[in-house]
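Working notes, structure below.
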Amino acid sequence: MKIAAFLPKLGDKLHKTAYEAITAAHQVQALIGGDVVGLAIDVDQQQLERTAHYGLTRLIVAEHPLLANTYSPSAFAKVLHQLASSQGIDILILPNITYGKELGPRVAVTFEAGYIADVIGIESQNGELIFRKPVYAGKAIIAAQLKTAKKVFTIRPNIFTAKAAETAASLNIETFTPELSEADFREKRLSITRSTGKLDVAEADIVVSGGRGLKAPENFKLIEELAEVLGAAVGASRAVVDAGWRPHSEQVGQTGKTISPNLYIAVGISGAVQHLAGMSSSKVIVAINKDKDAPIFQVADYGIVGDALDVLPRLTAKLKEVLHKS
Amino acid sequence: MNILVCVSRVPDTATKVKVADDGKSIATQNVKFILNPYDEFAVEEGLRLREQHGGSVTVLTVGGQESTDILRTALAMGADKAALIQLVNPDSYQVAVNIAQYARNHSFDLILFGRQSIDFDSFQVPPMVAQLLDLPCLTIVSQWSVTNGTVKAERDIEGGKEEFETALPLVASVQKGINEPRYPKLPDIIKAKSKPIETIEPVAVEPQLEILSMEIPQTERRHVILGDSDEDLEKLIQLLREEAKVI
């Protein structure tokens, strides 16, 4: 079995989910055997060498002048297909981030492989892989098989996490030159803007979200202050996004982002079923709400029954004290 | 401009999901099904582009006979034509193959989708259709301009934004924020009830995905509920540090 992990780059660095794809590939290897290889497109040597701390021993990087510092779904799908074909890959794993979500299905088509997205668990039965995947925004989870010989799947971020080992594996990096022309870049990227200093809810280890209980958009500064002390991203309920208090990119829930941070703090959010769907797979949940009967408390590990505007400044001040001491 | 908008029928977002007796699908009793919320943006965008450039909007879905209800919703919004490819419980690959075949038999400048269907949340069909038709594809578009066959689009990615330029014919999926979908007016809802819906035999293609079981996730939660005194807040911080070890 030839198992490949696609290692996406965002900005000039490997995205953190690249390491998670390696972890998932090693899980597949432990279940059904085989060799693991990393596949990358236009990533510099220094970045690639970090994967050795995640146990990767072999990596192929596609390099071509046309690929330098750009991204185009059509061209990247073509390159990834060539990379995977050159290695006779049976199983291709991509992170379920924007690039993985659009490259995975395309490569599955050209590769004649079955595809399943947003996997949170991998098992095996009689040598066949079984994938666990949330559906209905996490209200249910399915166990499913792909009936094709070749398989492509994406993994949900923050699930297949691993710590970098002190010692690096001995990593062999090879270069691959794809067949590529200007015409393959059917979508031309004009620009990429990285939001500086602002964490994305879908990426952060800790998320602090606010809802109607904040009473007014300007009170979100209390959420931002708490988030800053914790190094957290700011999230929002649908109600406050629809009211125009916060941008849609911060919305957590069924028609926003579905997230699984280590710690989720819901402030002034009652916990509509759509919101719960987006955050109930968080590892630890804290709810702050003045209504002790709010549904959010049913999914909370820890709850504070109190008014958000009164609790937040005190909580932030206390956390600042404690966290800065240690 | 001839526009195809592909839509899907999903349980209302307020649905409390229960597993059916077969152990691998959801119980549909008392579940309200709706036009996928993201597809409303796609239908609206199709209508706006038609209003600007002329042409027609066709809505298409792959599903059972019951899926005609969401096609009628799109017709009431203003779509010109509707088609149903009759295939019960298809997987996403079967949906993609069938949409691609329909598109090959017609001639569309633009094939539009909502960014994801909120049942399986796979984001999978638009890129698959693009690959099957060998067309360019932009996904999760939040803002764009379509002029003289040139498309300039913006979308959010993890921790940032990207801008692309591409050309028609194109496959694209759109995101909340691109427009404000119109509500169908009562006379249009009534008129839509008698509009014809073309029914099409599906392409014979095997599903790739076999669902073995479905379950409702049961996460054990600690349920420690405290008050709002200073002592309670200190207790919370202590629990987060020492019990949950997350800060």
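Ordered as shown in the structure tokens, chains take letters A, B, and onward, while each chain numbers its residues from 1 and ligands are numbered from 1 in the order shown.
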
- Quick one: which residues from chain B are at most 7 Å off chain A, using only C-alpha atoms, as a ChimeraX atom specification? /B:13-14,17,118-124,127-128,131,136,157-166,208-217,221-228,233,246

- Message: Could you go through range 87-206 of chain B and tell me which residues DSSP, when run on the backbone, assigns to strand (DSSP E or B), listing them as number ranges by chain?
- Response: B: 110-114, 137-147, 150-157, 160-167, 170-174, 198-200

- Spatial neighbours of range 52-67 of chain B, max dist 7 Å, only C-alpha atoms, sep filter under 2 positions, as an MDAnalysis selection string: chainID B and resid 1:9 46:50 69:71 79:90 95

- Message: Would you pick out the contacts of range 26-37 of chain B at 6 Å or less, using only C-alpha atoms, so that residues sharing its chain but fewer than 3 positions from it are not included, and give the list as a PyMOL selection string?
- Response: chain B and resi 8-12+18-20+40+70

Residue subset to file, keeping N, CA, C and O atoms, as an mmCIF file, in the first residue's frame:
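Printed below is selection-v8.cif as written:
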```
data_model
loop_
_atom_site.group_PDB
_atom_site.id
_atom_site.type_symbol
_atom_site.label_atom_id
_atom_site.label_comp_id
_atom_site.auth_asym_id
_atom_site.auth_seq_id
_atom_site.Cartn_x
_atom_site.Cartn_y
_atom_site.Cartn_z
ATOM 1 N N SER B 8 -29.708 21.377 -3.717
ATOM 2 C CA SER B 8 -30.005 20.128 -3.020
ATOM 3 C C SER B 8 -31.013 20.351 -1.897
ATOM 4 O O SER B 8 -31.188 21.461 -1.397
ATOM 5 N N ARG B 9 -31.666 19.260 -1.551
ATOM 6 C CA ARG B 9 -32.753 19.278 -0.564
ATOM 7 C C ARG B 9 -32.175 18.729 0.738
ATOM 8 O O ARG B 9 -31.657 17.608 0.770
ATOM 9 N N VAL B 10 -32.286 19.521 1.790
ATOM 10 C CA VAL B 10 -31.651 19.144 3.061
ATOM 11 C C VAL B 10 -32.616 19.367 4.223
ATOM 12 O O VAL B 10 -33.552 20.146 4.122
ATOM 13 N N PRO B 11 -32.363 18.702 5.360
ATOM 14 C CA PRO B 11 -33.205 18.960 6.531
ATOM 15 C C PRO B 11 -32.994 20.397 7.006
ATOM 16 O O PRO B 11 -31.877 20.912 6.960
ATOM 17 N N ASP B 12 -34.053 21.036 7.442
ATOM 18 C CA ASP B 12 -33.974 22.385 8.004
ATOM 19 C C ASP B 12 -32.887 22.422 9.084
ATOM 20 O O ASP B 12 -32.675 21.448 9.802
ATOM 21 N N LYS B 18 -32.188 12.449 14.413
ATOM 22 C CA LYS B 18 -32.310 11.125 15.046
ATOM 23 C C LYS B 18 -31.969 10.081 14.002
ATOM 24 O O LYS B 18 -32.191 10.298 12.804
ATOM 25 N N VAL B 19 -31.455 8.937 14.446
ATOM 26 C CA VAL B 19 -31.078 7.886 13.502
ATOM 27 C C VAL B 19 -32.300 7.020 13.199
ATOM 28 O O VAL B 19 -33.062 6.656 14.094
ATOM 29 N N ALA B 20 -32.483 6.690 11.918
ATOM 30 C CA ALA B 20 -33.614 5.858 11.501
ATOM 31 C C ALA B 20 -33.393 4.406 11.916
ATOM 32 O O ALA B 20 -32.303 4.030 12.346
ATOM 33 N N GLU B 40 -29.545 28.963 -1.902
ATOM 34 C CA GLU B 40 -30.345 30.176 -2.107
ATOM 35 C C GLU B 40 -29.469 31.293 -2.665
ATOM 36 O O GLU B 40 -29.899 32.074 -3.513
ATOM 37 N N ILE B 70 -38.115 21.709 -3.754
ATOM 38 C CA ILE B 70 -37.083 22.761 -3.742
ATOM 39 C C ILE B 70 -36.914 23.380 -5.131
ATOM 40 O O ILE B 70 -36.566 24.552 -5.265
#
```

- Message: Excluding range 164-181 of chain A and its own-chain neighbours fewer than 6 positions away, which residues fall within 8 Å of it when counting only C-alpha atoms? Please give them as JSON, numbers by chain.
- Response: {"A": [49, 52, 53, 54, 55, 56, 57, 58, 59, 60, 61, 62, 63, 64, 66, 75, 79, 82, 83]}

- Mind checking DSSP for range 292-326 of chain A and telling me the helix (DSSP H, G or I) residues as a VMD selection string? chain A and resid 295 to 299 308 to 325

- Neighbour list for range 23-37 of chain A as a VMD selection string, cut-off 8 Å, only C-alpha atoms, skip fewer than 3 positions in-chain: chain A and resid 1 to 5 19 to 20 54 56 to 60 93 122 to 124 127 to 129 155 160 to 162

- Name the residues in contact with Ser270 in chain A at a cut-off of 8 Å, using only C-alpha atoms, excluding same-chain residues fewer than 6 positions from it; report them as a list in words. Gly211, Asn289, Asp291, Ala294, Pro295 and Ile296 of chain A
